[in-house]
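Peer 1: Structure: work.cif, mmCIF, C-alpha atoms.
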```
data_work
loop_
_atom_site.label_atom_id
_atom_site.label_comp_id
_atom_site.auth_asym_id
_atom_site.auth_seq_id
_atom_site.Cartn_x
_atom_site.Cartn_y
_atom_site.Cartn_z
CA MET A 1 -17.45 -44.36 -81.76
CA GLY A 2 -21.07 -44.13 -80.88
CA THR A 3 -23.11 -46.78 -79.22
CA GLU A 4 -25.16 -47.47 -82.31
CA ALA A 5 -22.12 -47.80 -84.53
CA LEU A 6 -20.40 -50.23 -82.20
CA LEU A 7 -23.53 -52.31 -81.82
CA GLU A 8 -23.95 -52.36 -85.57
CA ARG A 9 -20.39 -53.43 -86.15
CA LEU A 10 -20.60 -56.17 -83.53
CA HIS A 11 -23.91 -57.22 -84.93
CA ALA A 12 -22.37 -57.63 -88.36
CA GLN A 13 -19.25 -59.35 -87.18
CA TYR A 14 -20.95 -61.92 -85.01
CA ALA A 15 -23.34 -63.24 -87.59
CA PRO A 16 -24.85 -66.59 -86.68
CA VAL A 17 -23.55 -69.67 -88.37
CA THR A 18 -26.09 -70.92 -90.85
CA ALA A 19 -26.93 -74.53 -91.29
CA ASP A 20 -24.71 -75.02 -94.32
CA GLY A 21 -21.89 -73.02 -92.80
CA ASP A 22 -21.59 -70.26 -95.44
CA SER A 23 -21.69 -67.28 -93.21
CA ALA A 24 -21.32 -63.95 -94.96
CA GLU A 25 -18.26 -63.01 -92.96
CA ALA A 26 -15.84 -65.26 -91.19
CA PRO A 27 -17.37 -65.70 -87.75
CA VAL A 28 -15.11 -65.35 -84.78
CA GLY A 29 -16.85 -68.17 -83.04
CA ALA A 30 -19.74 -70.46 -83.45
CA VAL A 31 -22.38 -67.86 -82.68
CA ARG A 32 -25.78 -69.48 -82.49
CA SER A 33 -27.88 -66.37 -82.46
CA ARG A 34 -27.59 -62.70 -81.89
CA GLY A 35 -29.96 -59.96 -81.01
CA VAL A 36 -30.40 -56.74 -79.13
CA SER A 37 -32.35 -56.81 -75.90
CA HIS A 38 -32.98 -53.53 -74.07
CA GLY A 39 -29.99 -51.98 -75.79
CA VAL A 40 -27.70 -54.86 -74.88
CA LEU A 41 -26.20 -56.96 -77.61
CA VAL A 42 -26.92 -60.62 -76.84
CA LEU A 43 -24.81 -63.35 -78.38
CA GLU A 44 -25.49 -67.04 -77.90
CA LEU A 45 -22.50 -69.13 -78.72
CA ASP A 46 -20.96 -72.54 -78.30
CA ARG A 47 -18.84 -72.95 -75.24
CA GLU A 48 -15.82 -73.85 -77.37
CA ALA A 49 -15.91 -70.37 -78.88
CA LEU A 50 -16.11 -68.56 -75.55
CA LEU A 51 -12.47 -67.71 -74.90
CA ASP A 52 -11.79 -66.51 -78.46
CA THR A 53 -14.93 -64.40 -78.50
CA VAL A 54 -14.21 -62.79 -75.16
CA ARG A 55 -10.61 -62.12 -76.12
CA ALA A 56 -11.76 -60.43 -79.32
CA LEU A 57 -14.34 -58.39 -77.43
CA ARG A 58 -11.73 -57.26 -74.95
CA ASP A 59 -8.86 -56.56 -77.34
CA GLN A 60 -10.62 -55.34 -80.45
CA HIS A 61 -13.84 -53.79 -79.20
CA GLY A 62 -12.83 -52.30 -75.90
CA PHE A 63 -14.95 -54.32 -73.50
CA ASP A 64 -12.59 -53.78 -70.63
CA LEU A 65 -14.89 -54.42 -67.69
CA PHE A 66 -16.09 -57.83 -66.65
CA LEU A 67 -19.46 -57.34 -64.98
CA ASP A 68 -20.88 -60.68 -64.05
CA VAL A 69 -21.18 -64.35 -64.70
CA THR A 70 -24.23 -66.24 -63.58
CA ALA A 71 -26.41 -69.07 -64.78
CA VAL A 72 -30.03 -69.91 -65.47
CA ASP A 73 -31.48 -73.29 -64.66
CA TRP A 74 -33.98 -74.67 -67.17
CA PRO A 75 -34.90 -77.98 -65.49
CA ASP A 76 -36.65 -79.52 -68.48
CA ALA A 77 -34.26 -78.49 -71.23
CA PRO A 78 -31.79 -81.06 -72.56
CA LEU A 79 -28.99 -78.53 -72.11
CA ARG A 80 -30.08 -77.60 -68.65
CA PHE A 81 -27.88 -74.66 -67.69
CA GLU A 82 -27.50 -71.40 -69.51
CA VAL A 83 -24.36 -69.59 -68.40
CA VAL A 84 -24.53 -65.86 -68.89
CA TRP A 85 -21.70 -63.30 -68.94
CA HIS A 86 -21.92 -59.53 -69.07
CA PHE A 87 -19.20 -57.18 -70.27
CA TYR A 88 -19.06 -53.42 -70.40
CA SER A 89 -17.04 -51.01 -72.45
CA THR A 90 -16.13 -48.02 -70.32
CA ALA A 91 -15.08 -46.05 -73.39
CA ASP A 92 -18.23 -46.62 -75.45
CA LYS A 93 -20.60 -47.27 -72.55
CA VAL A 94 -21.97 -50.37 -74.21
CA ARG A 95 -22.88 -53.68 -72.67
CA VAL A 96 -22.73 -57.09 -74.24
CA ARG A 97 -24.18 -60.35 -72.99
CA LEU A 98 -22.87 -63.78 -73.88
CA LYS A 99 -24.82 -66.97 -73.31
CA THR A 100 -23.96 -70.58 -73.69
CA ARG A 101 -25.77 -73.78 -72.85
CA VAL A 102 -24.31 -76.77 -71.05
CA ALA A 103 -25.77 -80.09 -69.99
CA ALA A 104 -26.33 -81.01 -66.37
CA ASP A 105 -23.90 -83.94 -66.47
CA ASP A 106 -21.22 -81.86 -68.20
CA ALA A 107 -21.66 -78.43 -66.62
CA GLU A 108 -18.23 -77.09 -67.45
CA VAL A 109 -17.14 -73.96 -69.30
CA ASP A 110 -13.85 -72.17 -69.71
CA SER A 111 -12.76 -69.82 -66.98
CA LEU A 112 -12.18 -66.20 -67.88
CA THR A 113 -9.67 -65.59 -65.10
CA SER A 114 -6.88 -65.52 -67.68
CA LEU A 115 -8.52 -62.51 -69.34
CA TYR A 116 -10.21 -60.74 -66.41
CA GLY A 117 -8.82 -61.13 -62.93
CA SER A 118 -12.13 -60.10 -61.44
CA ALA A 119 -13.84 -63.14 -62.91
CA GLY A 120 -12.46 -65.36 -60.18
CA TYR A 121 -14.83 -64.38 -57.40
CA MET A 122 -17.90 -64.45 -59.59
CA GLU A 123 -17.02 -67.83 -60.99
CA ARG A 124 -16.72 -69.06 -57.43
CA GLU A 125 -20.18 -67.72 -56.67
CA CYS A 126 -21.63 -69.30 -59.80
CA HIS A 127 -20.02 -72.58 -58.82
CA ASP A 128 -21.55 -72.26 -55.35
CA MET A 129 -25.05 -71.56 -56.53
CA TYR A 130 -25.36 -73.62 -59.70
CA GLY A 131 -22.51 -76.09 -59.66
CA ILE A 132 -21.02 -74.85 -62.93
CA ARG A 133 -17.35 -75.78 -63.11
CA PHE A 134 -14.94 -73.34 -64.67
CA ARG A 135 -12.05 -75.01 -66.42
CA GLY A 136 -8.88 -73.10 -65.61
CA ASN A 137 -10.08 -71.59 -62.33
CA ASP A 138 -8.28 -73.69 -59.75
CA ASP A 139 -9.80 -71.87 -56.77
CA LEU A 140 -13.45 -72.87 -56.71
CA ARG A 141 -13.75 -73.00 -52.94
CA PRO A 142 -17.13 -71.90 -51.53
CA ILE A 143 -17.32 -68.13 -51.30
CA LEU A 144 -20.89 -67.41 -50.16
CA LEU A 145 -21.66 -70.90 -48.91
CA TYR A 146 -19.63 -72.76 -46.33
CA GLU A 147 -17.48 -75.84 -46.30
CA GLY A 148 -19.66 -78.87 -45.98
CA PHE A 149 -22.67 -77.42 -47.76
CA ARG A 150 -24.11 -80.10 -50.00
CA GLY A 151 -25.89 -79.20 -53.20
CA HIS A 152 -26.36 -75.99 -55.12
CA PRO A 153 -29.13 -73.86 -53.67
CA LEU A 154 -30.14 -71.88 -56.76
CA ARG A 155 -30.78 -74.99 -58.81
CA LYS A 156 -34.48 -75.51 -59.26
CA ASP A 157 -34.39 -78.96 -57.70
CA TYR A 158 -32.90 -77.72 -54.42
CA PRO A 159 -35.67 -77.83 -51.77
CA LYS A 160 -36.65 -74.26 -51.00
CA GLN A 161 -36.57 -74.53 -47.20
CA LYS A 162 -33.83 -77.11 -46.81
CA GLU A 163 -31.47 -76.03 -44.04
CA GLN A 164 -27.93 -77.22 -43.48
CA PRO A 165 -27.14 -75.75 -40.06
CA LEU A 166 -23.59 -75.39 -38.84
CA VAL A 167 -24.77 -75.29 -35.22
CA PRO A 168 -27.03 -78.10 -34.03
CA TYR A 169 -30.51 -76.77 -33.36
CA ARG A 170 -31.95 -76.72 -29.88
CA PRO A 171 -35.17 -78.65 -29.43
CA PRO A 172 -38.26 -76.52 -30.10
CA GLN A 173 -39.12 -74.46 -27.04
CA SER A 174 -42.81 -74.12 -27.65
CA ALA A 175 -45.63 -76.10 -29.16
CA LEU A 176 -46.19 -73.14 -31.44
CA VAL A 177 -42.85 -73.68 -33.11
CA ARG A 178 -43.20 -75.80 -36.21
CA MET B 1 -41.29 -45.80 -11.87
CA TYR B 2 -43.00 -48.39 -13.98
CA GLY B 3 -43.71 -52.06 -13.69
CA LYS B 4 -43.86 -53.73 -10.36
CA ARG B 5 -42.92 -51.42 -7.55
CA LEU B 6 -40.07 -52.36 -5.30
CA PRO B 7 -41.80 -53.11 -2.00
CA ILE B 8 -40.18 -50.56 0.26
CA LEU B 9 -41.39 -50.00 3.74
CA ASP B 10 -40.32 -46.64 5.10
CA MET B 11 -40.16 -47.30 8.78
CA GLY B 12 -38.82 -43.99 9.91
CA PRO B 13 -36.11 -43.50 12.49
CA GLY B 14 -38.31 -44.26 15.44
CA LEU B 15 -39.22 -47.79 14.37
CA ALA B 16 -35.87 -48.68 12.87
CA GLY B 17 -34.15 -49.57 16.08
CA ALA B 18 -37.00 -51.82 17.08
CA THR B 19 -36.77 -53.93 13.89
CA GLY B 20 -33.06 -54.53 13.97
CA VAL B 21 -32.11 -57.74 12.17
CA GLY B 22 -33.10 -58.04 8.54
CA SER B 23 -33.39 -54.41 7.68
CA LEU B 24 -31.08 -53.04 5.01
CA PRO B 25 -29.79 -49.55 5.59
CA LEU B 26 -29.83 -47.56 2.39
CA GLY B 27 -28.50 -44.03 2.29
CA GLY B 28 -28.65 -43.47 5.96
CA GLY B 29 -28.71 -45.26 9.26
CA ALA B 30 -29.58 -45.04 12.88
CA GLY B 31 -28.60 -41.74 14.26
CA SER B 32 -28.40 -40.04 10.90
CA ALA B 33 -31.18 -37.66 11.60
CA SER B 34 -28.77 -34.87 10.84
CA LEU B 35 -28.76 -35.96 7.17
CA ALA B 36 -32.34 -34.79 6.78
CA ARG B 37 -32.18 -31.50 4.98
CA PRO B 38 -33.82 -28.43 6.42
CA GLY B 39 -37.45 -28.29 5.58
CA GLN B 40 -37.65 -32.04 5.01
CA SER B 41 -39.73 -33.93 7.45
CA LYS B 42 -38.23 -36.94 9.12
CA ALA B 43 -41.08 -39.14 8.03
CA ALA B 44 -40.03 -38.81 4.37
CA SER B 45 -36.30 -39.03 4.81
CA PHE B 46 -35.88 -42.75 3.93
CA GLU B 47 -33.54 -43.49 6.74
CA PHE B 48 -34.33 -47.19 6.62
CA LEU B 49 -35.64 -49.40 3.87
CA THR B 50 -36.65 -52.98 4.15
CA THR B 51 -37.20 -55.21 1.17
CA ARG B 52 -36.57 -58.72 -0.02
CA LYS B 53 -32.99 -59.39 -1.05
CA ASP B 54 -34.07 -61.00 -4.29
CA GLU B 55 -36.14 -58.01 -5.29
CA LEU B 56 -33.39 -55.63 -4.34
CA VAL B 57 -30.93 -57.42 -6.61
CA GLY B 58 -33.49 -57.58 -9.39
CA TRP B 59 -34.23 -53.90 -8.97
CA ALA B 60 -30.55 -53.07 -9.25
CA ARG B 61 -29.95 -55.31 -12.20
CA LYS B 62 -32.88 -54.22 -14.26
CA PHE B 63 -31.60 -50.67 -14.42
CA SER B 64 -28.05 -51.55 -15.34
CA LEU B 65 -28.39 -53.50 -18.55
CA PHE B 66 -25.23 -53.43 -20.60
CA PRO B 67 -26.24 -54.35 -24.13
CA TYR B 68 -24.00 -56.08 -26.61
CA PRO B 69 -25.35 -55.12 -30.05
CA PHE B 70 -24.99 -58.06 -32.42
CA VAL B 71 -26.09 -55.99 -35.38
CA THR B 72 -26.17 -57.68 -38.76
CA ALA B 73 -28.73 -56.09 -41.03
CA CYS B 74 -31.16 -53.29 -41.78
CA CYS B 75 -32.69 -53.34 -38.28
CA ALA B 76 -29.46 -51.59 -37.28
CA MET B 77 -31.00 -48.33 -38.50
CA GLU B 78 -33.86 -48.79 -36.08
CA PHE B 79 -31.46 -49.76 -33.36
CA MET B 80 -29.61 -46.49 -33.91
CA ALA B 81 -32.89 -44.59 -33.83
CA VAL B 82 -33.94 -46.14 -30.56
CA SER B 83 -30.52 -45.55 -29.03
CA ALA B 84 -30.31 -41.92 -30.07
CA SER B 85 -31.65 -38.96 -28.18
CA HIS B 86 -35.24 -39.06 -29.48
CA TYR B 87 -36.07 -42.37 -27.84
CA ASP B 88 -33.03 -42.70 -25.63
CA THR B 89 -32.71 -46.12 -24.07
CA ASP B 90 -30.51 -44.50 -21.45
CA ARG B 91 -33.70 -43.65 -19.59
CA PHE B 92 -34.04 -47.38 -18.95
CA GLY B 93 -30.46 -47.93 -17.99
CA ALA B 94 -29.74 -49.75 -21.23
CA ALA B 95 -27.73 -47.24 -23.18
CA LEU B 96 -24.08 -48.05 -22.88
CA PRO B 97 -23.16 -50.68 -25.44
CA ARG B 98 -20.27 -52.91 -24.48
CA PHE B 99 -18.47 -54.23 -27.52
CA SER B 100 -16.99 -57.08 -25.60
CA PRO B 101 -19.39 -59.87 -24.74
CA ARG B 102 -17.54 -60.43 -21.47
CA GLN B 103 -18.69 -57.04 -20.20
CA ALA B 104 -22.27 -57.28 -21.43
CA ASP B 105 -25.34 -58.88 -19.97
CA LEU B 106 -27.95 -58.17 -22.64
CA LEU B 107 -27.34 -59.66 -26.08
CA MET B 108 -29.37 -57.70 -28.61
CA VAL B 109 -29.48 -59.65 -31.86
CA VAL B 110 -30.48 -57.05 -34.41
CA GLY B 111 -31.15 -58.36 -37.90
CA THR B 112 -30.95 -61.51 -39.94
CA VAL B 113 -28.58 -64.20 -38.78
CA THR B 114 -27.34 -66.51 -41.50
CA GLN B 115 -26.27 -70.09 -41.09
CA LYS B 116 -22.69 -68.95 -41.59
CA GLN B 117 -23.02 -66.47 -38.73
CA ALA B 118 -24.68 -68.90 -36.34
CA PRO B 119 -21.39 -70.23 -34.90
CA ILE B 120 -20.24 -66.65 -34.28
CA LEU B 121 -23.47 -65.78 -32.49
CA LEU B 122 -23.20 -68.91 -30.38
CA LYS B 123 -19.62 -68.07 -29.45
CA VAL B 124 -20.58 -64.53 -28.47
CA TYR B 125 -23.40 -65.87 -26.32
CA GLU B 126 -21.15 -68.39 -24.65
CA GLN B 127 -18.56 -65.72 -23.88
CA MET B 128 -21.05 -63.63 -21.93
CA CYS B 129 -20.98 -64.03 -18.19
CA GLU B 130 -24.02 -64.88 -16.15
CA PRO B 131 -26.47 -63.33 -15.63
CA LYS B 132 -27.31 -62.75 -19.26
CA TRP B 133 -30.40 -62.07 -21.29
CA VAL B 134 -31.10 -62.16 -24.99
CA MET B 135 -33.39 -59.93 -27.02
CA ALA B 136 -34.39 -60.91 -30.56
CA PHE B 137 -34.76 -57.54 -32.26
CA GLY B 138 -36.92 -57.69 -35.36
CA VAL B 139 -38.75 -60.50 -37.05
CA CYS B 140 -35.67 -61.97 -38.73
CA ALA B 141 -33.93 -62.59 -35.45
CA SER B 142 -37.19 -63.84 -33.93
CA THR B 143 -38.31 -66.32 -36.58
CA GLY B 144 -36.31 -65.74 -39.73
CA GLY B 145 -39.07 -63.54 -41.12
CA PHE B 146 -39.53 -63.92 -44.83
CA TYR B 147 -36.11 -65.48 -45.19
CA GLN B 148 -37.07 -69.14 -45.24
CA ASN B 149 -34.27 -70.49 -47.38
CA TYR B 150 -30.90 -72.20 -47.44
CA ALA B 151 -29.00 -69.24 -46.07
CA SER B 152 -30.89 -67.93 -43.05
CA LEU B 153 -31.27 -69.15 -39.53
CA PRO B 154 -35.03 -69.41 -38.87
CA GLY B 155 -34.93 -67.61 -35.55
CA ILE B 156 -32.02 -67.32 -33.17
CA ASP B 157 -33.89 -69.40 -30.59
CA ARG B 158 -32.83 -72.41 -32.63
CA ILE B 159 -29.35 -72.02 -31.18
CA ILE B 160 -29.57 -69.81 -28.07
CA PRO B 161 -32.33 -69.15 -25.53
CA VAL B 162 -34.22 -65.91 -26.07
CA ASP B 163 -35.82 -63.88 -23.29
CA ILE B 164 -37.73 -61.28 -25.24
CA TYR B 165 -38.91 -61.18 -28.83
CA VAL B 166 -39.56 -57.84 -30.50
CA PRO B 167 -41.27 -58.50 -33.84
CA GLY B 168 -41.62 -56.03 -36.65
CA CYS B 169 -39.78 -55.33 -39.86
CA PRO B 170 -38.31 -53.19 -38.46
CA PRO B 171 -39.91 -52.76 -35.02
CA ARG B 172 -41.00 -49.30 -34.02
CA PRO B 173 -38.83 -47.68 -31.35
CA GLU B 174 -41.82 -47.83 -29.02
CA MET B 175 -41.91 -51.59 -29.46
CA VAL B 176 -38.24 -51.87 -28.60
CA ILE B 177 -38.71 -49.75 -25.51
CA ASP B 178 -41.71 -51.88 -24.58
CA GLY B 179 -39.51 -54.93 -25.04
CA ILE B 180 -36.83 -53.49 -22.79
CA MET B 181 -39.42 -52.67 -20.14
CA ARG B 182 -40.90 -56.16 -20.28
CA LEU B 183 -37.43 -57.60 -20.00
CA GLN B 184 -36.84 -55.40 -16.98
CA GLU B 185 -40.01 -56.72 -15.40
CA LYS B 186 -38.84 -60.24 -16.12
CA ILE B 187 -35.47 -59.52 -14.52
CA ALA B 188 -37.09 -57.96 -11.49
CA ALA B 189 -39.46 -60.86 -11.03
CA SER B 190 -37.02 -63.71 -11.55
CA PRO B 191 -34.90 -65.32 -8.84
CA HIS B 192 -31.25 -64.39 -8.75
CA PRO B 193 -28.85 -67.24 -8.07
CA ILE B 194 -26.36 -65.06 -6.19
CA ILE B 195 -28.91 -64.84 -3.40
CA ASN B 196 -28.18 -67.66 -0.95
CA GLU B 197 -28.14 -68.10 2.78
CA ARG B 198 -24.71 -66.47 3.06
CA PHE B 199 -25.54 -63.36 1.05
#
```
Could you show the structure in this file as structure tokens?

Peer 2:
Amino acid sequence: MGTEALLERLHAQYAPVTADGDSAEAPVGAVRSRGVSHGVLVLELDREALLDTVRALRDQHGFDLFLDVTAVDWPDAPLRFEVVWHFYSTADKVRVRLKTRVAADDAEVDSLTSLYGSAGYMERECHDMYGIRFRGNDDLRPILLYEGFRGHPLRKDYPKQKEQPLVPYRPPQSALVR
Amino acid sequence: MYGKRLPILDMGPGLAGATGVGSLPLGGGAGSASLARPGQSKAASFEFLTTRKDELVGWARKFSLFPYPFVTACCAMEFMAVSASHYDTDRFGAALPRFSPRQADLLMVVGTVTQKQAPILLKVYEQMCEPKWVMAFGVCASTGGFYQNYASLPGIDRIIPVDIYVPGCPPRPEMVIDGIMRLQEKIAASPHPIINERF
């Protein structure tokens, strides 16, 4: 199956839910919008539909490689965090991107560790950097940060030069040091 | 020879006996006139040297630096370049890396040090025996460079004392060699605590 054909089929299957709910085909999940960006199919969906959508992508469409999970912080948006996943089909050489929005006080999505073992480390990193919790991943210890680090450094409200040293600093040695 | 010259007074065999106390025999002694090779005049045979003890120890130490490379980042490439035959730090006595801090006396911190690595760097420094010197190789080790964020240590002098800073991203090999030479001058000029009245 060619790239175009697969994209077309996915495009048709994941039609967005319209306001009155009469989607042309039965949607797998509550897909909010779809589109193609730089040759990558982009699906925005509700977080409740995530596991079913990913399972369908893996089992029916051959997206066998989990590439990444990360997040985007939109400080002024009501649903502040946009969690982004990437998947790749090694047979068809096609990528797909899933996005979902969560609020800052309820930053929790389902973990994909039950479907892709490799998701564990990246969910830990995303938890480090953005504070997104992954329901079902019971090992969210810091992976790039260290125990005792407070806050999530890639959030926009984290002060850019804030340091949390593990070793107490020596006093400045020179007047030139800030 | 570069830097400050070791003040050596070649007294020659005739004057040596008259000076007596305080002179340090190096490579010869009274009555060793036979060591002078044929064709070599006695005046140039260095049978006796006198110098200050402190400067003698400094002179010996500055040419026997044993570096411990604490190499963390891209400056490692430049460190390899300056260690290899083109630039050859062996000419300055600083070629043989010791991968145990207990056998090293020059800690070369090459590259960015993160907050997570800071305890490791401190432990390595504390494991080194005196006398010890520290070189911050590259701008990241010196000040943090353009890494001014949550992850990076803004200069290793925040946790350990630094003797010589070599800026640059990465520094040229000439700058590193200049840094080594300045460190050697510093070693030669500084007092050495092993020198006491019983030495």

Peer 1: Specify as a PyMOL selection string each residue included when the PyMOL selection byres ((chain B) within 6 of (chain A)) is applied to this file.

Peer 2: chain B and resi 115+148-150+158-159

Peer 1: Exactly which residues make up the result of the PyMOL selection byres ((chain B and resi 96) around 7) on this file, given as a ChimeraX atom specification?

Peer 2: /B:66-67,94-95,97-98

Peer 1: Which value, in Å to one decimal, gives the distance between atom CA of A:Ile143 and atom CA of A:Asp128?

Peer 2: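 Spanning atom CA of A:Ile143 to atom CA of A:Asp128 is a straight-line distance of 7.2 Å.
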
Peer 1: Select, counting all atoms listed in the file, all protein, DNA and RNA residues no farther than 10 Å from (-25.3, -64.0, -18.3) in file coordinates, and express the selection as an mmCIF file with C-alpha atoms, in the coordinates of the input.

Peer 2:
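See out_36.cif below for the written result:
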```cif
data_model
loop_
_atom_site.group_PDB
_atom_site.id
_atom_site.type_symbol
_atom_site.label_atom_id
_atom_site.label_comp_id
_atom_site.auth_asym_id
_atom_site.auth_seq_id
_atom_site.Cartn_x
_atom_site.Cartn_y
_atom_site.Cartn_z
ATOM 1 C CA PRO B 101 -19.390 -59.870 -24.740
ATOM 2 C CA ARG B 102 -17.540 -60.430 -21.470
ATOM 3 C CA GLN B 103 -18.690 -57.040 -20.200
ATOM 4 C CA ALA B 104 -22.270 -57.280 -21.430
ATOM 5 C CA ASP B 105 -25.340 -58.880 -19.970
ATOM 6 C CA LEU B 106 -27.950 -58.170 -22.640
ATOM 7 C CA LEU B 107 -27.340 -59.660 -26.080
ATOM 8 C CA TYR B 125 -23.400 -65.870 -26.320
ATOM 9 C CA GLU B 126 -21.150 -68.390 -24.650
ATOM 10 C CA GLN B 127 -18.560 -65.720 -23.880
ATOM 11 C CA MET B 128 -21.050 -63.630 -21.930
ATOM 12 C CA CYS B 129 -20.980 -64.030 -18.190
ATOM 13 C CA GLU B 130 -24.020 -64.880 -16.150
ATOM 14 C CA PRO B 131 -26.470 -63.330 -15.630
ATOM 15 C CA LYS B 132 -27.310 -62.750 -19.260
ATOM 16 C CA TRP B 133 -30.400 -62.070 -21.290
ATOM 17 C CA VAL B 134 -31.100 -62.160 -24.990
#
```

Peer 1: By how many Å are atom CA of A:Asp76 and atom CA of A:Val102 apart?

Peer 2: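 These two atoms are separated by 12.9 Å.
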
Peer 1: Got a sec to check which residues sit within 9 Å of (-15.3, -54.0, -78.9), counting all atoms listed in the file, and write them as a JSON list (two decimals) with C-alpha atoms, in the frame of the given file?

Peer 2:
```
[["chain", "number", "residue", "atom", "x", "y", "z"],
["A", 6, "LEU", "CA", -20.40, -50.23, -82.20],
["A", 7, "LEU", "CA", -23.53, -52.31, -81.82],
["A", 9, "ARG", "CA", -20.39, -53.43, -86.15],
["A", 10, "LEU", "CA", -20.60, -56.17, -83.53],
["A", 56, "ALA", "CA", -11.76, -60.43, -79.32],
["A", 57, "LEU", "CA", -14.34, -58.39, -77.43],
["A", 58, "ARG", "CA", -11.73, -57.26, -74.95],
["A", 59, "ASP", "CA", -8.86, -56.56, -77.34],
["A", 60, "GLN", "CA", -10.62, -55.34, -80.45],
["A", 61, "HIS", "CA", -13.84, -53.79, -79.20],
["A", 62, "GLY", "CA", -12.83, -52.30, -75.90],
["A", 63, "PHE", "CA", -14.95, -54.32, -73.50],
["A", 64, "ASP", "CA", -12.59, -53.78, -70.63],
["A", 89, "SER", "CA", -17.04, -51.01, -72.45],
["A", 92, "ASP", "CA", -18.23, -46.62, -75.45],
["A", 94, "VAL", "CA", -21.97, -50.37, -74.21]]
```

Peer 1: Residue by residue, what does the PyMOL selection byres ((chain A and resi 108-122) around 10) grab here? Present the result as JSON, numbers by chain.

Peer 2: {"A": [46, 47, 48, 49, 50, 51, 54, 55, 58, 59, 64, 65, 66, 67, 68, 69, 70, 81, 83, 85, 100, 101, 102, 103, 104, 105, 106, 107, 123, 124, 125, 126, 127, 128, 131, 132, 133, 134, 135, 136, 137, 138, 139, 140, 141, 142, 143, 144]}

Peer 1: List the spatial neighbours of B:Ile195 as a list in words - criterion: any atom at most 12 Å away, only C-alpha atoms, same-chain residues fewer than 6 positions off excluded.

Peer 2: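 So, after excluding close chain neighbours, the residues are Arg52, Lys53, Asp54, Glu55, Leu56, Val57 and Gly58 of chain B.
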
Peer 1: Considering only C-alpha atoms, state which residue in the set A:Glu44, A:Leu98, A:Arg155, A:Gly39 is at the smallest distance from A:Ala15.

Peer 2: A:Glu44

Peer 1: Using all atoms listed in the file, find the one residue out of A:Pro78, A:Gly35, A:Leu43, A:Gly151 that sits nearest to A:Arg97.

Peer 2: A:Leu43

Peer 1: By how many Å are atom CA of B:His192 and atom CA of B:Ser83 apart?

Peer 2: 27.7 Å

Peer 1: For a quick check of understanding, using only C-alpha atoms, which of B:Ala189, B:Leu183, B:Val162, B:Cys169 has the smallest distance to B:Phe79?

Peer 2: B:Cys169

Peer 1: When you count only C-alpha atoms, which of these residues is closest to A:Pro75: A:Thr90, A:Tyr130, A:Gln13, A:Ala5?

Peer 2: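 Looking at the shortest contact to A:Pro75, the residue is A:Tyr130.
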